[in-house]
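Trainee: structure30.tsv is reproduced in full below (TSV, C-alpha atoms).
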chain	number	residue	atom	x	y	z
A	52	MET	CA	-6.67	-0.07	-58.19
A	53	PHE	CA	-4.78	1.46	-55.34
A	54	LEU	CA	-7.99	1.85	-53.40
A	55	VAL	CA	-8.97	-1.81	-53.86
A	56	ASP	CA	-5.52	-3.02	-52.82
A	57	ASP	CA	-5.65	-0.82	-49.82
A	58	LEU	CA	-9.02	-2.20	-48.75
A	59	LEU	CA	-7.96	-5.78	-49.32
A	60	PHE	CA	-4.88	-5.30	-47.28
A	61	ARG	CA	-6.59	-3.48	-44.45
A	62	PRO	CA	-7.87	-6.53	-42.49
A	63	PHE	CA	-4.34	-7.96	-42.31
A	64	VAL	CA	-2.92	-4.67	-41.14
A	65	SER	CA	-5.65	-4.46	-38.56
A	66	LEU	CA	-5.02	-8.01	-37.32
A	67	LEU	CA	-1.28	-7.43	-37.13
A	68	ASN	CA	-1.82	-4.21	-35.23
A	69	THR	CA	-4.13	-5.97	-32.81
A	70	LEU	CA	-1.68	-8.80	-32.21
A	71	HIS	CA	1.12	-6.31	-31.74
A	72	SER	CA	-0.96	-4.28	-29.28
A	73	MET	CA	-1.88	-7.40	-27.33
A	74	ALA	CA	1.76	-8.41	-27.09
A	75	ILE	CA	2.71	-4.97	-25.79
A	76	GLU	CA	-0.16	-4.97	-23.32
A	77	GLU	CA	0.80	-8.39	-22.00
A	78	LEU	CA	4.43	-7.40	-21.63
A	79	HIS	CA	3.79	-4.01	-20.11
A	80	ASP	CA	0.83	-4.64	-17.82
A	81	VAL	CA	2.15	-2.68	-14.85
A	82	ASP	CA	-0.71	-3.66	-12.54
A	83	SER	CA	-0.24	-7.33	-13.30
A	84	ILE	CA	3.48	-7.14	-12.55
A	85	ARG	CA	2.75	-5.34	-9.27
A	86	ASP	CA	0.31	-8.11	-8.37
A	87	GLU	CA	3.00	-10.69	-9.07
A	88	LEU	CA	5.37	-8.78	-6.77
A	89	LYS	CA	2.80	-8.91	-3.97
A	90	GLU	CA	2.11	-12.59	-4.59
A	91	ASN	CA	5.83	-13.32	-4.47
A	92	ARG	CA	6.06	-11.69	-1.04
A	93	LEU	CA	2.95	-13.53	0.17
A	94	LEU	CA	4.30	-16.93	-0.88
A	95	HIS	CA	7.60	-16.11	0.82
A	96	GLU	CA	5.80	-15.13	4.03
A	97	LEU	CA	3.84	-18.38	3.89
A	98	GLY	CA	7.11	-20.28	3.68
A	99	GLU	CA	6.33	-21.63	0.21
A	100	ARG	CA	9.14	-19.67	-1.43
A	101	SER	CA	12.66	-19.62	0.03
A	102	GLU	CA	14.57	-16.39	0.67
A	103	ALA	CA	16.75	-17.03	-2.40
A	104	GLU	CA	13.76	-17.82	-4.63
A	105	TYR	CA	11.92	-14.77	-3.32
A	106	ARG	CA	14.85	-12.42	-3.97
A	107	GLU	CA	15.52	-13.84	-7.44
A	108	ARG	CA	11.86	-13.54	-8.47
A	109	ARG	CA	11.61	-10.06	-6.99
A	110	ALA	CA	14.66	-8.85	-8.92
A	111	GLU	CA	13.23	-10.26	-12.14
A	112	LEU	CA	9.82	-8.66	-11.57
A	113	GLU	CA	11.30	-5.31	-10.58
A	114	GLN	CA	13.27	-5.28	-13.79
A	115	ARG	CA	10.10	-6.03	-15.78
A	116	LEU	CA	8.25	-3.33	-13.89
A	117	ALA	CA	10.90	-0.72	-14.65
A	118	VAL	CA	10.74	-1.59	-18.35
A	119	ALA	CA	6.92	-1.52	-18.34
A	120	GLU	CA	6.78	1.83	-16.55
A	121	ALA	CA	9.33	3.31	-18.93
A	122	ALA	CA	7.34	1.99	-21.90
A	123	HIS	CA	4.17	3.59	-20.58
A	124	GLU	CA	5.97	6.87	-20.04
A	125	ASN	CA	7.49	6.83	-23.51
A	126	LEU	CA	4.22	5.90	-25.20
A	127	GLN	CA	2.33	8.48	-23.13
A	128	GLY	CA	-0.95	6.63	-22.88
A	129	ARG	CA	-0.79	4.90	-26.24
A	130	VAL	CA	-0.69	1.57	-24.46
A	131	GLU	CA	-3.94	0.89	-22.70
A	132	VAL	CA	-4.22	-2.31	-20.72
A	133	LYS	CA	-7.77	-3.59	-20.44
A	134	ARG	CA	-8.35	-5.94	-17.51
B	11	MET	CA	21.24	13.52	7.67
B	12	ASN	CA	20.97	17.07	6.36
B	13	GLY	CA	18.68	16.51	3.39
B	14	THR	CA	17.30	19.34	1.35
B	15	HIS	CA	13.72	18.05	1.23
B	16	ILE	CA	11.17	16.89	3.77
B	17	TYR	CA	9.82	13.35	3.85
B	18	THR	CA	6.42	13.17	5.58
B	19	TYR	CA	5.11	10.09	7.40
B	20	GLY	CA	1.83	11.32	8.77
B	21	VAL	CA	-0.04	13.97	10.71
B	22	VAL	CA	-0.91	14.07	14.41
B	23	ASP	CA	-2.51	16.55	16.80
B	24	ASP	CA	-0.24	19.48	17.49
B	25	GLU	CA	2.77	18.27	19.48
B	26	GLU	CA	6.51	18.72	19.31
B	27	PHE	CA	8.73	15.66	19.65
B	28	GLU	CA	11.72	13.80	18.25
B	29	LEU	CA	11.85	10.03	17.87
B	30	ASP	CA	14.85	7.75	18.13
B	31	VAL	CA	14.12	5.66	15.05
B	32	THR	CA	15.61	5.68	11.57
B	33	GLY	CA	13.41	6.93	8.78
B	34	VAL	CA	13.27	6.58	5.01
B	35	ASP	CA	16.70	6.73	3.29
B	36	GLY	CA	18.28	6.54	6.78
B	37	GLY	CA	16.74	9.88	7.74
B	38	THR	CA	17.27	11.06	11.34
B	39	PRO	CA	16.01	12.62	13.47
B	40	ILE	CA	12.31	12.01	13.13
B	41	ARG	CA	10.80	15.35	14.14
B	42	THR	CA	7.66	17.41	13.79
B	43	VAL	CA	6.73	20.40	11.66
B	44	ARG	CA	3.89	22.28	13.37
B	45	TYR	CA	1.08	24.25	11.84
B	46	ARG	CA	-1.61	25.52	14.21
B	47	THR	CA	-3.41	22.47	15.66
B	48	LEU	CA	-1.53	19.94	13.50
B	49	SER	CA	1.95	18.47	13.46
B	50	ALA	CA	3.46	16.61	10.52
B	51	VAL	CA	5.94	13.85	11.40
B	52	VAL	CA	8.95	14.23	9.10
B	53	SER	CA	12.60	13.58	8.42
B	54	ASP	CA	15.01	15.10	5.92
B	55	VAL	CA	15.82	13.45	2.59
B	56	ASP	CA	18.04	14.30	-0.36
B	57	THR	CA	15.63	13.27	-3.09
B	58	LEU	CA	12.07	14.05	-4.15
B	59	GLU	CA	11.58	10.40	-5.12
B	60	PRO	CA	12.93	7.97	-2.52
B	61	GLU	CA	13.29	4.39	-3.72
B	62	ARG	CA	10.32	2.17	-2.87
B	63	SER	CA	12.57	-0.56	-1.48
B	64	ASP	CA	11.52	-3.06	1.20
B	65	GLU	CA	13.80	-1.26	3.66
B	66	ASN	CA	12.29	2.15	2.98
B	67	VAL	CA	8.70	0.92	3.10
B	68	ARG	CA	9.48	-0.82	6.40
B	69	ALA	CA	11.12	2.35	7.76
B	70	HIS	CA	8.05	4.41	6.80
B	71	ASP	CA	5.82	2.01	8.70
B	72	GLU	CA	8.12	1.68	11.73
B	73	VAL	CA	8.16	5.45	12.18
B	74	LEU	CA	4.35	5.51	12.20
B	75	ARG	CA	4.17	2.63	14.67
B	76	GLU	CA	6.58	4.45	16.97
B	77	VAL	CA	4.48	7.62	16.66
B	78	MET	CA	1.38	5.62	17.62
B	79	THR	CA	2.96	3.90	20.62
B	80	PHE	CA	5.63	6.01	22.32
B	81	GLY	CA	4.66	7.73	25.57
B	82	ASP	CA	0.91	7.50	26.05
B	83	GLY	CA	0.41	6.77	22.35
B	84	ARG	CA	-1.42	8.98	19.86
B	85	THR	CA	-3.56	8.84	16.75
B	86	ALA	CA	-1.77	9.33	13.44
B	87	VAL	CA	-3.19	10.01	10.01
B	88	PRO	CA	-0.69	8.21	7.80
B	89	MET	CA	0.66	9.55	4.52
B	90	ARG	CA	1.27	7.20	1.64
B	91	PHE	CA	4.86	6.14	1.03
B	92	GLY	CA	6.88	8.68	-0.93
B	93	MET	CA	5.33	11.97	0.17
B	94	VAL	CA	8.20	14.44	-0.12
B	95	PHE	CA	7.97	18.23	0.04
B	96	LYS	CA	10.55	20.59	-1.32
B	97	SER	CA	10.58	22.71	1.84
B	98	GLY	CA	8.98	23.27	5.21
B	99	ARG	CA	6.99	26.10	3.68
B	100	ALA	CA	5.51	23.78	1.02
B	101	LEU	CA	4.53	21.29	3.73
B	102	LYS	CA	2.91	24.00	5.85
B	103	ASN	CA	0.94	25.17	2.82
B	104	VAL	CA	-0.49	21.65	2.49
B	105	LEU	CA	-1.29	21.48	6.21
B	106	ARG	CA	-3.03	24.84	5.91
B	107	SER	CA	-5.08	23.97	2.83
B	108	GLY	CA	-5.90	20.46	4.11
B	109	ARG	CA	-6.50	21.47	7.71
B	110	ARG	CA	-10.18	20.50	7.76
B	111	ALA	CA	-9.60	17.17	6.04
B	112	PHE	CA	-6.76	16.29	8.43
B	113	ARG	CA	-8.82	17.23	11.48
B	114	LYS	CA	-11.76	15.14	10.25
B	115	ALA	CA	-9.48	12.19	9.55
B	116	LEU	CA	-7.92	12.44	13.02
B	117	LEU	CA	-11.41	12.34	14.54
B	118	ASP	CA	-12.51	9.44	12.33
B	119	VAL	CA	-9.65	7.17	13.40
B	120	ASP	CA	-9.16	8.45	16.93
B	121	GLY	CA	-8.16	5.65	19.32
B	122	THR	CA	-8.12	2.95	16.67
B	123	VAL	CA	-5.61	0.76	14.88
B	124	GLU	CA	-5.73	-1.02	11.53
B	125	LEU	CA	-5.41	-4.80	11.47
B	126	GLY	CA	-5.05	-6.90	8.35
B	127	VAL	CA	-6.39	-10.38	7.63
B	128	LYS	CA	-5.65	-12.46	4.57
B	129	VAL	CA	-7.21	-15.86	3.98
B	130	VAL	CA	-5.02	-17.90	1.67
B	131	VAL	CA	-6.32	-21.10	0.12
B	132	ASP	CA	-3.90	-24.00	0.33
B	133	GLU	CA	-2.30	-25.04	-2.97
B	134	GLY	CA	-4.76	-27.10	-5.02
B	135	GLU	CA	-7.72	-26.49	-2.67
B	136	ALA	CA	-10.98	-24.92	-3.84
B	137	VAL	CA	-12.55	-21.93	-2.11
B	138	ASP	CA	-15.47	-22.84	0.15
B	139	GLU	CA	-17.71	-19.81	-0.39
B	140	ALA	CA	-19.96	-20.50	2.61
B	141	ALA	CA	-16.97	-20.85	4.94
B	142	LEU	CA	-15.45	-17.71	3.49
B	143	GLN	CA	-18.64	-15.74	4.11
B	144	SER	CA	-18.74	-17.01	7.68
B	145	ILE	CA	-15.14	-15.88	8.24
B	146	ALA	CA	-15.84	-12.44	6.76
B	147	ASP	CA	-18.97	-12.00	8.90
B	148	ARG	CA	-17.26	-12.98	12.14
B	149	LEU	CA	-14.33	-10.64	11.55
B	150	ALA	CA	-16.54	-7.73	10.48
B	151	ALA	CA	-18.64	-8.14	13.63
B	152	ALA	CA	-15.51	-7.77	15.77
B	153	ALA	CA	-14.40	-4.51	14.10
B	154	GLU	CA	-15.71	-0.95	13.83
B	155	ARG	CA	-15.25	-0.85	10.07
B	156	ASP	CA	-13.65	-2.93	7.37
B	157	VAL	CA	-12.60	-2.45	3.78
B	158	GLU	CA	-11.68	-4.88	1.04
B	159	ASN	CA	-8.18	-4.84	-0.40
B	160	ASP	CA	-7.01	-6.23	-3.74
B	161	LEU	CA	-7.14	-9.95	-4.31
B	162	PHE	CA	-3.78	-9.86	-6.05
B	163	SER	CA	-3.29	-13.63	-6.20
B	164	ASP	CA	-5.49	-16.54	-7.20
B	165	ARG	CA	-4.60	-18.08	-3.85
B	166	LEU	CA	-6.12	-15.17	-1.94
B	167	ALA	CA	-9.75	-15.72	-0.93
B	168	LEU	CA	-10.05	-12.75	1.43
B	169	ASN	CA	-7.90	-9.67	1.95
B	170	ARG	CA	-9.42	-7.08	4.24
B	171	ALA	CA	-8.34	-4.30	6.55
B	172	TYR	CA	-10.18	-3.81	9.85
B	173	LEU	CA	-10.43	-0.67	11.93
B	174	VAL	CA	-10.48	-1.73	15.56
B	175	GLY	CA	-10.57	0.32	18.76
B	176	SER	CA	-7.28	-0.04	20.65
B	177	ASP	CA	-9.23	-1.43	23.61
B	178	ASP	CA	-10.90	-4.06	21.42
B	179	ARG	CA	-7.73	-5.33	19.80
B	180	GLU	CA	-7.36	-8.41	22.01
B	181	ALA	CA	-10.98	-9.42	21.35
B	182	PHE	CA	-10.38	-9.10	17.61
B	183	SER	CA	-7.21	-11.21	17.89
B	184	GLU	CA	-9.22	-13.84	19.73
B	185	THR	CA	-11.73	-13.92	16.86
B	186	VAL	CA	-8.89	-14.42	14.38
B	187	ARG	CA	-7.54	-17.31	16.47
B	188	ALA	CA	-11.00	-18.90	16.58
B	189	VAL	CA	-11.39	-18.54	12.80
B	190	ARG	CA	-7.98	-20.14	12.33
B	191	ASP	CA	-8.95	-23.09	14.53
B	192	ASP	CA	-12.32	-23.61	12.84
B	193	HIS	CA	-11.20	-23.78	9.22
B	194	ASP	CA	-8.95	-26.32	7.56
B	195	GLY	CA	-7.63	-25.93	4.03
B	196	VAL	CA	-6.84	-22.25	4.43
B	197	THR	CA	-4.08	-20.22	6.03
B	198	VAL	CA	-5.13	-17.11	7.96
B	199	ARG	CA	-2.51	-14.35	7.88
B	200	TYR	CA	-2.97	-11.73	10.58
B	201	SER	CA	-0.96	-8.51	10.59
B	202	GLY	CA	-0.75	-5.22	12.43
B	203	PRO	CA	-1.30	-3.03	14.21
B	204	TRP	CA	-0.78	-0.55	11.41
B	205	ALA	CA	-1.52	3.13	11.15
B	206	PRO	CA	-5.03	3.33	9.62
B	207	TYR	CA	-3.86	3.63	5.99
B	208	SER	CA	-7.04	2.06	4.61
B	209	PHE	CA	-9.43	4.32	6.48
B	210	VAL	CA	-8.19	7.78	5.62
B	211	ASP	CA	-8.11	9.11	2.12
B	212	ILE	CA	-6.53	12.51	1.81
B	213	GLU	CA	-5.26	13.55	-1.58
B	214	VAL	CA	-2.32	15.89	-1.32
B	215	GLY	CA	-2.19	18.23	-4.29
B	216	ALA	CA	0.60	18.43	-6.82
B	217	ALA	CA	1.90	21.74	-5.48
B	218	GLN	CA	4.44	20.15	-3.20
Show me this structure written as structure tokens.

Mentor:
Amino acid sequence: MFLVDDLLFRPFVSLLNTLHSMAIEELHDVDSIRDELKENRLLHELGERSEAEYRERRAELEQRLAVAEAAHENLQGRVEVKR
Amino acid sequence: MNGTHIYTYGVVDDEEFELDVTGVDGGTPIRTVRYRTLSAVVSDVDTLEPERSDENVRAHDEVLREVMTFGDGRTAVPMRFGMVFKSGRALKNVLRSGRRAFRKALLDVDGTVELGVKVVVDEGEAVDEAALQSIADRLAAAAERDVENDLFSDRLALNRAYLVGSDDREAFSETVRAVRDDHDGVTVRYSGPWAPYSFVDIEVGAAQ
């Protein structure tokens, strides 16, 4: 009985794990955050983003980047972001 | 600053000089560390991992520009931002082991500068592929070599670095101006001259 329960439950576990992994990947995609940092600078240079908007966005992204890099370091390769 | 480590900006042909510019983390003076036919351009720092702030990245680049332009000018093989060695001995070890690669790189980019062009599509506009190809072809024809850089934004239609002989720089600038005049719906961003970051690729080992 234990075996059957285990098998029945497995797809849900797998789905939950997948969703969890996707959430982590989305949140901690270091390359994507770096791209956003570059885009922020580009839009500022083009005059489409004011100095204040640029600085605020940059601070927010840098904070996200620090968290993402720390997460990658802590997980030591267990988070793999597929692009 | 009397830092304990050595921040390295790039490598030039053997020459001893000091520059009156401020380096990464406020490092002064900018000086050279010589090894045989090579000189590394350096300043002292207190940390092995300087912060990658706008100010520091700008300082790294300004030092290289000064190296390339002061006096009669000279060719520089740039290092990536953040290259710090624990001591002069560690740096000389790298110059020794990488001597051939540095010499080849100096030859490859001798008398050239790097120029950057980005084509940015106006908000809400679609990319005209034929026009984009025409722009890319005209710019490539005016340069010795070119390489593609990341398209890090959906707004970016072209992002390339061009290696141009110092004597051909004005002709390249003229091509950029012509491209700008000929195409509506896009913004052409032109930058440089930079040290030829995109055209040298020397990996410095971990034994720093």

Trainee: Would you mind reading off the distance between CA of Ala136 (chain B) and CA of Val198 (chain B), one decimal, in Å?

Mentor: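 Going from CA of Ala136 (chain B) over to CA of Val198 (chain B), I get 15.3 Å.
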
Trainee: Using only C-alpha atoms, determine which residues of chain B fall within 10 Å of chain A; present them as a list in words.

Mentor: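 Residues passing the distance filter: Lys128, Val130, Glu133, Asp160, Leu161, Phe162, Ser163, Asp164, Arg165, Leu166, Thr197, Val198 and Arg199 of chain B.
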
Trainee: Would you mind listing what lies within 10 Å of region 89-96 of chain B as a compact mmCIF listing (two decimals) with C-alpha atoms, in the coordinates of the input, with only C-alpha atoms counted and same-chain residues fewer than 4 positions away left out?

Mentor:
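The new file part34.txt reads:
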# COMPACT_ATOMS: atom_id res chain seq x y z
CA THR B 14 17.30 19.34 1.35
CA HIS B 15 13.72 18.05 1.23
CA ILE B 16 11.17 16.89 3.77
CA TYR B 17 9.82 13.35 3.85
CA THR B 18 6.42 13.17 5.58
CA TYR B 19 5.11 10.09 7.40
CA GLY B 20 1.83 11.32 8.77
CA VAL B 21 -0.04 13.97 10.71
CA VAL B 34 13.27 6.58 5.01
CA ALA B 50 3.46 16.61 10.52
CA VAL B 51 5.94 13.85 11.40
CA VAL B 52 8.95 14.23 9.10
CA SER B 53 12.60 13.58 8.42
CA ASP B 54 15.01 15.10 5.92
CA VAL B 55 15.82 13.45 2.59
CA ASP B 56 18.04 14.30 -0.36
CA THR B 57 15.63 13.27 -3.09
CA LEU B 58 12.07 14.05 -4.15
CA GLU B 59 11.58 10.40 -5.12
CA PRO B 60 12.93 7.97 -2.52
CA GLU B 61 13.29 4.39 -3.72
CA ARG B 62 10.32 2.17 -2.87
CA ASN B 66 12.29 2.15 2.98
CA VAL B 67 8.70 0.92 3.10
CA ARG B 68 9.48 -0.82 6.40
CA ALA B 69 11.12 2.35 7.76
CA HIS B 70 8.05 4.41 6.80
CA ASP B 71 5.82 2.01 8.70
CA LEU B 74 4.35 5.51 12.20
CA ALA B 100 5.51 23.78 1.02
CA LEU B 101 4.53 21.29 3.73
CA LYS B 102 2.91 24.00 5.85
CA VAL B 104 -0.49 21.65 2.49
CA ALA B 205 -1.52 3.13 11.15
CA PRO B 206 -5.03 3.33 9.62
CA TYR B 207 -3.86 3.63 5.99
CA VAL B 210 -8.19 7.78 5.62
CA ASP B 211 -8.11 9.11 2.12
CA ILE B 212 -6.53 12.51 1.81
CA GLU B 213 -5.26 13.55 -1.58
CA VAL B 214 -2.32 15.89 -1.32
CA ALA B 217 1.90 21.74 -5.48
CA GLN B 218 4.44 20.15 -3.20

Trainee: Using all atoms listed in the file, which residues sit within 10 Å of Val186 (chain B) once same-chain residues fewer than 3 positions away are excluded, as number ranges by chain?

Mentor: B: 127, 145, 148-149, 152, 180-183, 189-192, 198-200

Trainee: What are the centre and edge lengths in Å, to one decimal, of the axis-aligned box around all listed atoms of region 85-104 of chain A with 3 Å added on each side, as JSON?

Mentor:
{"center_x": 8.5, "center_y": -13.5, "center_z": -2.6, "size_x": 22.4, "size_y": 22.3, "size_z": 19.3}

Trainee: For a cutoff of 12 Å around the file-coordinate point (-9.4, -1.7, 21.7), which residues qualify once you count only C-alpha atoms? I'd like the result as a list in words.

Mentor: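 Those within range, by chain then number, are Asp120, Gly121, Thr122, Val123, Glu124, Leu125, Ala152, Ala153, Glu154, Leu173, Val174, Gly175, Ser176, Asp177, Asp178, Arg179, Glu180, Ala181, Phe182, Ser183 and Pro203 of chain B.
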
Trainee: Keeping only C-alpha atoms, take the residues you just selected and write them out as a JSON list (two decimals), keeping the file's coordinate frame.

Mentor:
[["chain", "number", "residue", "atom", "x", "y", "z"],
["B", 120, "ASP", "CA", -9.16, 8.45, 16.93],
["B", 121, "GLY", "CA", -8.16, 5.65, 19.32],
["B", 122, "THR", "CA", -8.12, 2.95, 16.67],
["B", 123, "VAL", "CA", -5.61, 0.76, 14.88],
["B", 124, "GLU", "CA", -5.73, -1.02, 11.53],
["B", 125, "LEU", "CA", -5.41, -4.80, 11.47],
["B", 152, "ALA", "CA", -15.51, -7.77, 15.77],
["B", 153, "ALA", "CA", -14.40, -4.51, 14.10],
["B", 154, "GLU", "CA", -15.71, -0.95, 13.83],
["B", 173, "LEU", "CA", -10.43, -0.67, 11.93],
["B", 174, "VAL", "CA", -10.48, -1.73, 15.56],
["B", 175, "GLY", "CA", -10.57, 0.32, 18.76],
["B", 176, "SER", "CA", -7.28, -0.04, 20.65],
["B", 177, "ASP", "CA", -9.23, -1.43, 23.61],
["B", 178, "ASP", "CA", -10.90, -4.06, 21.42],
["B", 179, "ARG", "CA", -7.73, -5.33, 19.80],
["B", 180, "GLU", "CA", -7.36, -8.41, 22.01],
["B", 181, "ALA", "CA", -10.98, -9.42, 21.35],
["B", 182, "PHE", "CA", -10.38, -9.10, 17.61],
["B", 183, "SER", "CA", -7.21, -11.21, 17.89],
["B", 203, "PRO", "CA", -1.30, -3.03, 14.21]]

Trainee: Mind pulling up the distance from CA of Phe80 (chain B) to CA of Ser107 (chain B)?

Mentor: 28.6 Å

Trainee: Just give me the gap between CA of Phe209 (chain B) and CA of Val87 (chain B) in Å, one decimal is fine.

Mentor: 9.2 Å

Trainee: Quick one: residues within 7 Å of Asn159 (chain B), only C-alpha atoms, excluding same-chain residues fewer than 6 positions away - as number ranges by chain?

Mentor: B: 169-171

Trainee: May I have the residues within 9 Å of Val77 (chain B) as a ChimeraX atom specification, using only C-alpha atoms and disregarding those fewer than 3 positions away in the same chain?

Mentor: /B:22,29,51,72-74,80-81,83-86

Trainee: If we count only C-alpha atoms, what is near Arg109 (chain A) at a cut-off of 9 Å, once residues fewer than 3 positions away on the same chain are taken out, given as a list in words?

Mentor: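 In the requested format, the answer is Glu87, Leu88, Asn91, Arg92, Glu104, Tyr105, Arg106, Leu112, Glu113 and Gln114 of chain A.
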